[in-house]
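Structure file run_23.json (JSON, C-alpha atoms) follows.
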```json
[["chain", "number", "residue", "atom", "x", "y", "z"],
["J", 1, "MET", "CA", -23.18, 90.82, -12.31],
["J", 2, "PRO", "CA", -22.46, 94.27, -10.90],
["J", 3, "LYS", "CA", -19.36, 94.53, -8.74],
["J", 4, "MET", "CA", -21.38, 96.69, -6.35],
["J", 5, "LEU", "CA", -23.28, 93.65, -5.08],
["J", 6, "VAL", "CA", -20.03, 91.95, -4.18],
["J", 7, "MET", "CA", -17.99, 94.94, -3.04],
["J", 8, "PRO", "CA", -20.32, 97.88, -2.26],
["J", 9, "TYR", "CA", -18.98, 101.34, -2.79],
["J", 10, "GLY", "CA", -20.59, 104.77, -2.66],
["J", 11, "LEU", "CA", -22.33, 106.04, -5.77],
["J", 12, "GLN", "CA", -25.16, 108.33, -6.65],
["J", 13, "ALA", "CA", -28.63, 106.77, -6.09],
["J", 14, "THR", "CA", -29.60, 106.76, -9.79],
["J", 15, "ILE", "CA", -26.46, 104.81, -10.66],
["J", 16, "VAL", "CA", -27.13, 102.35, -7.84],
["J", 17, "ARG", "CA", -30.68, 101.80, -9.12],
["J", 18, "GLY", "CA", -29.28, 101.13, -12.59],
["J", 19, "GLU", "CA", -26.75, 98.64, -11.18],
["J", 20, "TYR", "CA", -29.49, 96.87, -9.26],
["J", 21, "ALA", "CA", -31.75, 96.79, -12.34],
["J", 22, "MET", "CA", -28.92, 95.15, -14.28],
["J", 23, "ALA", "CA", -28.43, 92.62, -11.47],
["J", 24, "ALA", "CA", -32.17, 91.88, -11.39],
["J", 25, "ALA", "CA", -32.20, 91.17, -15.14],
["J", 26, "THR", "CA", -29.16, 88.90, -14.79],
["J", 27, "PHE", "CA", -30.64, 86.98, -11.85],
["J", 28, "LYS", "CA", -33.99, 86.64, -13.64],
["J", 29, "ALA", "CA", -32.36, 85.22, -16.78],
["J", 30, "ARG", "CA", -30.22, 82.76, -14.84],
["J", 31, "SER", "CA", -33.00, 81.64, -12.52],
["J", 32, "THR", "CA", -35.36, 81.05, -15.46],
["J", 33, "VAL", "CA", -32.96, 78.45, -16.83],
["J", 34, "LEU", "CA", -32.65, 76.84, -13.39],
["J", 35, "ALA", "CA", -36.43, 76.87, -12.91],
["J", 36, "ALA", "CA", -36.91, 74.76, -16.03],
["J", 37, "ASP", "CA", -34.38, 72.24, -14.71],
["J", 38, "PHE", "CA", -35.95, 72.21, -11.23],
["J", 39, "ARG", "CA", -39.34, 71.51, -12.81],
["J", 40, "GLU", "CA", -37.93, 68.52, -14.71],
["J", 41, "VAL", "CA", -36.31, 67.14, -11.54],
["J", 42, "TRP", "CA", -39.61, 67.56, -9.66],
["J", 43, "ILE", "CA", -41.57, 65.69, -12.32],
["J", 44, "HIS", "CA", -38.96, 62.92, -12.59],
["J", 45, "ALA", "CA", -38.89, 62.39, -8.82],
["J", 46, "LEU", "CA", -42.68, 62.32, -8.52],
["J", 47, "LYS", "CA", -43.04, 59.95, -11.47],
["J", 48, "GLY", "CA", -40.82, 57.49, -9.61],
["J", 49, "GLY", "CA", -42.78, 57.98, -6.43],
["J", 50, "ILE", "CA", -46.11, 57.49, -8.17],
["J", 51, "ARG", "CA", -44.86, 54.19, -9.62],
["J", 52, "THR", "CA", -43.47, 52.86, -6.34],
["J", 53, "GLU", "CA", -45.41, 54.45, -3.45],
["J", 54, "ARG", "CA", -48.90, 53.23, -2.76],
["J", 55, "THR", "CA", -49.86, 56.51, -1.04],
["J", 56, "LEU", "CA", -48.98, 58.49, -4.17],
["J", 57, "ARG", "CA", -51.05, 56.41, -6.59],
["J", 58, "ASN", "CA", -53.88, 58.16, -8.43],
["J", 59, "PRO", "CA", -52.38, 61.67, -8.33],
["J", 60, "PRO", "CA", -54.48, 64.68, -9.35],
["J", 61, "ALA", "CA", -54.62, 65.42, -13.07],
["J", 62, "ASP", "CA", -52.49, 68.54, -12.70],
["J", 63, "TRP", "CA", -49.67, 66.99, -10.64],
["J", 64, "THR", "CA", -47.09, 68.12, -13.21],
["J", 65, "ARG", "CA", -48.17, 71.75, -12.87],
["J", 66, "VAL", "CA", -45.26, 73.24, -10.97],
["J", 67, "SER", "CA", -44.33, 76.87, -10.32],
["J", 68, "VAL", "CA", -40.76, 77.74, -9.54],
["J", 69, "ARG", "CA", -40.36, 81.35, -8.51],
["J", 70, "SER", "CA", -37.32, 83.44, -9.21],
["J", 71, "PRO", "CA", -35.62, 84.91, -6.16],
["J", 72, "ARG", "CA", -36.66, 88.42, -5.32],
["J", 73, "SER", "CA", -34.62, 91.00, -7.14],
["J", 74, "PRO", "CA", -32.05, 93.11, -5.31],
["J", 75, "ASN", "CA", -33.65, 96.47, -4.68],
["J", 76, "VAL", "CA", -32.29, 99.75, -3.43],
["J", 77, "ASP", "CA", -35.70, 101.30, -2.72],
["J", 78, "VAL", "CA", -38.56, 98.84, -2.27],
["J", 79, "GLY", "CA", -41.08, 101.50, -1.25],
["J", 80, "ARG", "CA", -40.36, 103.73, -4.24],
["J", 81, "ASN", "CA", -40.56, 100.87, -6.71],
["J", 82, "SER", "CA", -43.71, 99.46, -5.12],
["J", 83, "SER", "CA", -45.45, 102.86, -5.25],
["J", 84, "ALA", "CA", -44.41, 103.34, -8.87],
["J", 85, "ALA", "CA", -45.72, 99.88, -9.85],
["J", 86, "GLN", "CA", -49.00, 100.52, -8.04],
["J", 87, "GLY", "CA", -49.36, 103.90, -9.76],
["J", 88, "GLU", "CA", -48.75, 102.28, -13.17],
["J", 89, "LEU", "CA", -51.43, 99.69, -12.40],
["J", 90, "GLU", "CA", -53.96, 102.33, -11.28],
["J", 91, "LYS", "CA", -53.31, 104.44, -14.40],
["J", 92, "GLY", "CA", -53.69, 101.46, -16.72],
["J", 93, "MET", "CA", -50.05, 101.57, -17.82],
["J", 94, "THR", "CA", -49.62, 97.93, -16.78],
["J", 95, "ASN", "CA", -51.90, 95.06, -15.82],
["J", 96, "TYR", "CA", -52.10, 92.26, -13.26],
["J", 97, "ASP", "CA", -50.57, 89.75, -15.66],
["J", 98, "GLN", "CA", -47.43, 91.89, -15.94],
["J", 99, "TRP", "CA", -47.40, 92.77, -12.23],
["J", 100, "TYR", "CA", -47.66, 89.20, -10.98],
["J", 101, "GLY", "CA", -45.65, 87.87, -13.91],
["J", 102, "GLU", "CA", -42.57, 89.79, -12.73],
["J", 103, "MET", "CA", -42.67, 87.62, -9.61],
["J", 104, "GLY", "CA", -43.21, 84.44, -11.62],
["J", 105, "LEU", "CA", -46.84, 84.18, -10.54],
["J", 106, "ASP", "CA", -50.10, 83.67, -12.43],
["J", 107, "TRP", "CA", -52.57, 86.48, -11.75],
["J", 108, "ARG", "CA", -55.57, 84.13, -11.98],
["J", 109, "GLU", "CA", -54.13, 81.88, -9.28],
["J", 110, "GLU", "CA", -53.27, 84.89, -7.09],
["J", 111, "PHE", "CA", -56.80, 86.31, -7.50],
["J", 112, "ARG", "CA", -58.25, 82.89, -6.55],
["J", 113, "LYS", "CA", -56.08, 82.80, -3.41],
["J", 114, "LEU", "CA", -57.02, 86.36, -2.51],
["J", 115, "LYS", "CA", -60.74, 85.56, -2.86],
["J", 116, "GLU", "CA", -60.30, 82.44, -0.71],
["J", 117, "GLN", "CA", -58.51, 84.47, 1.97],
["J", 118, "GLN", "CA", -61.12, 87.24, 1.90],
["J", 119, "ASP", "CA", -63.94, 84.71, 2.19],
["J", 120, "TYR", "CA", -62.22, 83.01, 5.11],
["J", 121, "ALA", "CA", -61.58, 86.32, 6.87],
["J", 122, "LYS", "CA", -65.25, 87.23, 6.43],
["J", 123, "SER", "CA", -66.34, 83.83, 7.79],
["J", 124, "ILE", "CA", -64.49, 84.48, 11.06],
["J", 125, "GLY", "CA", -65.68, 88.07, 11.35],
["J", 126, "LEU", "CA", -62.51, 89.76, 10.17],
["J", 127, "ASN", "CA", -63.07, 92.80, 7.92],
["J", 128, "LEU", "CA", -60.28, 93.21, 5.36],
["J", 129, "SER", "CA", -62.07, 95.78, 3.22],
["J", 130, "LYS", "CA", -59.89, 98.64, 2.11],
["J", 131, "GLN", "CA", -60.96, 101.98, 3.56],
["J", 132, "ASN", "CA", -59.78, 105.39, 2.45],
["J", 133, "PRO", "CA", -58.13, 106.95, 5.53],
["J", 134, "LYS", "CA", -59.51, 110.37, 4.51],
["J", 135, "GLN", "CA", -63.08, 109.11, 4.77],
["J", 136, "GLU", "CA", -65.09, 108.36, 7.85],
["J", 137, "PRO", "CA", -65.30, 104.60, 8.49],
["J", 138, "ALA", "CA", -68.61, 103.04, 7.45],
["J", 139, "ILE", "CA", -70.93, 102.30, 10.37]]
```
Go ahead and render the structure in this file as structure tokens.
Amino acid sequence: MPKMLVMPYGLQATIVRGEYAMAAATFKARSTVLAADFREVWIHALKGGIRTERTLRNPPADWTRVSVRSPRSPNVDVGRNSSAAQGELEKGMTNYDQWYGEMGLDWREEFRKLKEQQDYAKSIGLNLSKQNPKQEPAI
């Protein structure tokens, strides 16, 4: 783990980004190990509940499907990194699986949630469509 996260000191921005990238890789590796353990604890606890609690009987078929997300990485420049990632996606240098995967998410599940939210917004008369600010709004 970089000392800078514990005892910050002044350095050039490129070096700070490198230190934070190293910290992000370390946190990701450590949290992946913990996530596997958390999943096992979750399943063990629910198995006991399913056996003993009447209200938990007949669980859904996918009750063992658990997602444990890694904590967000330390970041010196969220805006810069976000713009770079979006540019890579638009240019085809990456894909949604990689983009969402970095956050420990499944792109199919995130697309499903996005569609559900868009449909709900539309049902209550809320327009979430993306408009180019350089263009005149559609009438």
> Contacts of Thr14 (chain J) at 12 Å or less, counting all atoms listed in the file, minus same-chain residues fewer than 5 places along, as a list in words?
Replying inline: Glu19, Tyr20, Ala21, Val76 and Asp77 of chain J
File dump, residues just selected, C-alpha atoms, as a JSON list (two decimals), in the coordinates of the input:
```json
[["chain", "number", "residue", "atom", "x", "y", "z"],
["J", 19, "GLU", "CA", -26.75, 98.64, -11.18],
["J", 20, "TYR", "CA", -29.49, 96.87, -9.26],
["J", 21, "ALA", "CA", -31.75, 96.79, -12.34],
["J", 76, "VAL", "CA", -32.29, 99.75, -3.43],
["J", 77, "ASP", "CA", -35.70, 101.30, -2.72]]
```
>> Let me make sure I understand: among J:Gly79, J:Pro2, J:Gly104, J:Gly49, which one has the smallest atom-to-atom distance to Ala24 (chain J) if we use all atoms listed in the file?
In response: J:Pro2
>> Show me the residues around (-49.7, 92.3, -13.8) - criterion: an atom at most 8 Å away, only C-alpha atoms counted - as a PyMOL selection string.
In response: chain J and resi 89+94-102+107
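A straight line drawn from CA of Thr52 (chain J) to CA of Ser67 (chain J) is 24.4 Å long.
Closest approach to Ile50 (chain J) from the set J:Glu110, J:Trp63, J:Asn81, J:Gly87 is made by J:Trp63, with distances taken over all atoms listed in the file.
Using all atoms listed in the file, the shortest contact distance between Thr26 (chain J) and any of J:Pro8, J:Pro71, J:Gly92, J:Pro59 is found at J:Pro71.
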Box in all listed atoms of region 49-54 of chain J, axis-aligned, with 4 Å more on each side; write out centre and edge lengths in Å to one decimal as lines of an AutoDock Vina configuration file.
```
center_x = -45.8
center_y = 55.4
center_z = -6.2
size_x = 14.1
size_y = 13.1
size_z = 14.9
```
> So which one's closest to Arg69 (chain J), J:Ile15, J:Leu128, J:Val33, J:Ala45? Using all atoms listed in the file, please.
Replying inline: J:Val33
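Here CA of Thr64 (chain J) stands at a distance of 9.3 Å from CA of Glu40 (chain J).
Reported to one decimal place, the separation of CA of Lys47 (chain J) from CA of Pro60 (chain J) is 12.6 Å.
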Region 19-41 of chain J rebuilt with N, CA and C atoms, output as a PDB file, in the coordinates of the input:
```pdb
ATOM      1  N   GLU J  19     -27.534  99.849 -11.467  1.00  0.00           N
ATOM      2  CA  GLU J  19     -26.750  98.640 -11.180  1.00  0.00           C
ATOM      3  C   GLU J  19     -27.656  97.522 -10.677  1.00  0.00           C
ATOM      4  N   TYR J  20     -28.585  97.874  -9.800  1.00  0.00           N
ATOM      5  CA  TYR J  20     -29.490  96.870  -9.260  1.00  0.00           C
ATOM      6  C   TYR J  20     -30.450  96.351 -10.336  1.00  0.00           C
ATOM      7  N   ALA J  21     -30.887  97.223 -11.244  1.00  0.00           N
ATOM      8  CA  ALA J  21     -31.750  96.790 -12.340  1.00  0.00           C
ATOM      9  C   ALA J  21     -31.006  95.794 -13.229  1.00  0.00           C
ATOM     10  N   MET J  22     -29.728  96.068 -13.475  1.00  0.00           N
ATOM     11  CA  MET J  22     -28.920  95.150 -14.280  1.00  0.00           C
ATOM     12  C   MET J  22     -28.774  93.803 -13.562  1.00  0.00           C
ATOM     13  N   ALA J  23     -28.546  93.854 -12.251  1.00  0.00           N
ATOM     14  CA  ALA J  23     -28.430  92.620 -11.470  1.00  0.00           C
ATOM     15  C   ALA J  23     -29.744  91.845 -11.497  1.00  0.00           C
ATOM     16  N   ALA J  24     -30.865  92.549 -11.383  1.00  0.00           N
ATOM     17  CA  ALA J  24     -32.170  91.880 -11.390  1.00  0.00           C
ATOM     18  C   ALA J  24     -32.393  91.156 -12.721  1.00  0.00           C
ATOM     19  N   ALA J  25     -32.041  91.805 -13.832  1.00  0.00           N
ATOM     20  CA  ALA J  25     -32.200  91.170 -15.140  1.00  0.00           C
ATOM     21  C   ALA J  25     -31.312  89.936 -15.258  1.00  0.00           C
ATOM     22  N   THR J  26     -30.089  90.036 -14.747  1.00  0.00           N
ATOM     23  CA  THR J  26     -29.160  88.900 -14.790  1.00  0.00           C
ATOM     24  C   THR J  26     -29.690  87.739 -13.961  1.00  0.00           C
ATOM     25  N   PHE J  27     -30.125  88.025 -12.733  1.00  0.00           N
ATOM     26  CA  PHE J  27     -30.640  86.980 -11.850  1.00  0.00           C
ATOM     27  C   PHE J  27     -31.887  86.333 -12.454  1.00  0.00           C
ATOM     28  N   LYS J  28     -32.760  87.151 -13.049  1.00  0.00           N
ATOM     29  CA  LYS J  28     -33.990  86.640 -13.640  1.00  0.00           C
ATOM     30  C   LYS J  28     -33.665  85.677 -14.792  1.00  0.00           C
ATOM     31  N   ALA J  29     -32.730  86.077 -15.646  1.00  0.00           N
ATOM     32  CA  ALA J  29     -32.360  85.220 -16.780  1.00  0.00           C
ATOM     33  C   ALA J  29     -31.764  83.901 -16.305  1.00  0.00           C
ATOM     34  N   ARG J  30     -30.867  83.988 -15.332  1.00  0.00           N
ATOM     35  CA  ARG J  30     -30.220  82.760 -14.840  1.00  0.00           C
ATOM     36  C   ARG J  30     -31.206  81.870 -14.085  1.00  0.00           C
ATOM     37  N   SER J  31     -32.076  82.469 -13.304  1.00  0.00           N
ATOM     38  CA  SER J  31     -33.000  81.640 -12.520  1.00  0.00           C
ATOM     39  C   SER J  31     -34.073  81.017 -13.404  1.00  0.00           C
ATOM     40  N   THR J  32     -34.387  81.638 -14.540  1.00  0.00           N
ATOM     41  CA  THR J  32     -35.360  81.050 -15.460  1.00  0.00           C
ATOM     42  C   THR J  32     -34.846  79.728 -16.018  1.00  0.00           C
ATOM     43  N   VAL J  33     -33.568  79.689 -16.344  1.00  0.00           N
ATOM     44  CA  VAL J  33     -32.960  78.450 -16.830  1.00  0.00           C
ATOM     45  C   VAL J  33     -32.985  77.388 -15.728  1.00  0.00           C
ATOM     46  N   LEU J  34     -32.628  77.775 -14.516  1.00  0.00           N
ATOM     47  CA  LEU J  34     -32.650  76.840 -13.390  1.00  0.00           C
ATOM     48  C   LEU J  34     -34.066  76.356 -13.093  1.00  0.00           C
ATOM     49  N   ALA J  35     -35.044  77.249 -13.192  1.00  0.00           N
ATOM     50  CA  ALA J  35     -36.430  76.870 -12.910  1.00  0.00           C
ATOM     51  C   ALA J  35     -36.898  75.753 -13.826  1.00  0.00           C
ATOM     52  N   ALA J  36     -36.525  75.825 -15.093  1.00  0.00           N
ATOM     53  CA  ALA J  36     -36.910  74.760 -16.030  1.00  0.00           C
ATOM     54  C   ALA J  36     -36.288  73.429 -15.614  1.00  0.00           C
ATOM     55  N   ASP J  37     -35.041  73.472 -15.174  1.00  0.00           N
ATOM     56  CA  ASP J  37     -34.380  72.240 -14.710  1.00  0.00           C
ATOM     57  C   ASP J  37     -35.019  71.717 -13.424  1.00  0.00           C
ATOM     58  N   PHE J  38     -35.321  72.614 -12.495  1.00  0.00           N
ATOM     59  CA  PHE J  38     -35.950  72.210 -11.230  1.00  0.00           C
ATOM     60  C   PHE J  38     -37.295  71.536 -11.497  1.00  0.00           C
ATOM     61  N   ARG J  39     -38.041  72.086 -12.460  1.00  0.00           N
ATOM     62  CA  ARG J  39     -39.340  71.510 -12.810  1.00  0.00           C
ATOM     63  C   ARG J  39     -39.165  70.074 -13.322  1.00  0.00           C
ATOM     64  N   GLU J  40     -38.172  69.861 -14.168  1.00  0.00           N
ATOM     65  CA  GLU J  40     -37.930  68.520 -14.710  1.00  0.00           C
ATOM     66  C   GLU J  40     -37.528  67.539 -13.604  1.00  0.00           C
ATOM     67  N   VAL J  41     -36.711  67.993 -12.663  1.00  0.00           N
ATOM     68  CA  VAL J  41     -36.310  67.140 -11.540  1.00  0.00           C
ATOM     69  C   VAL J  41     -37.535  66.782 -10.702  1.00  0.00           C
TER      70      VAL J  41
END
```
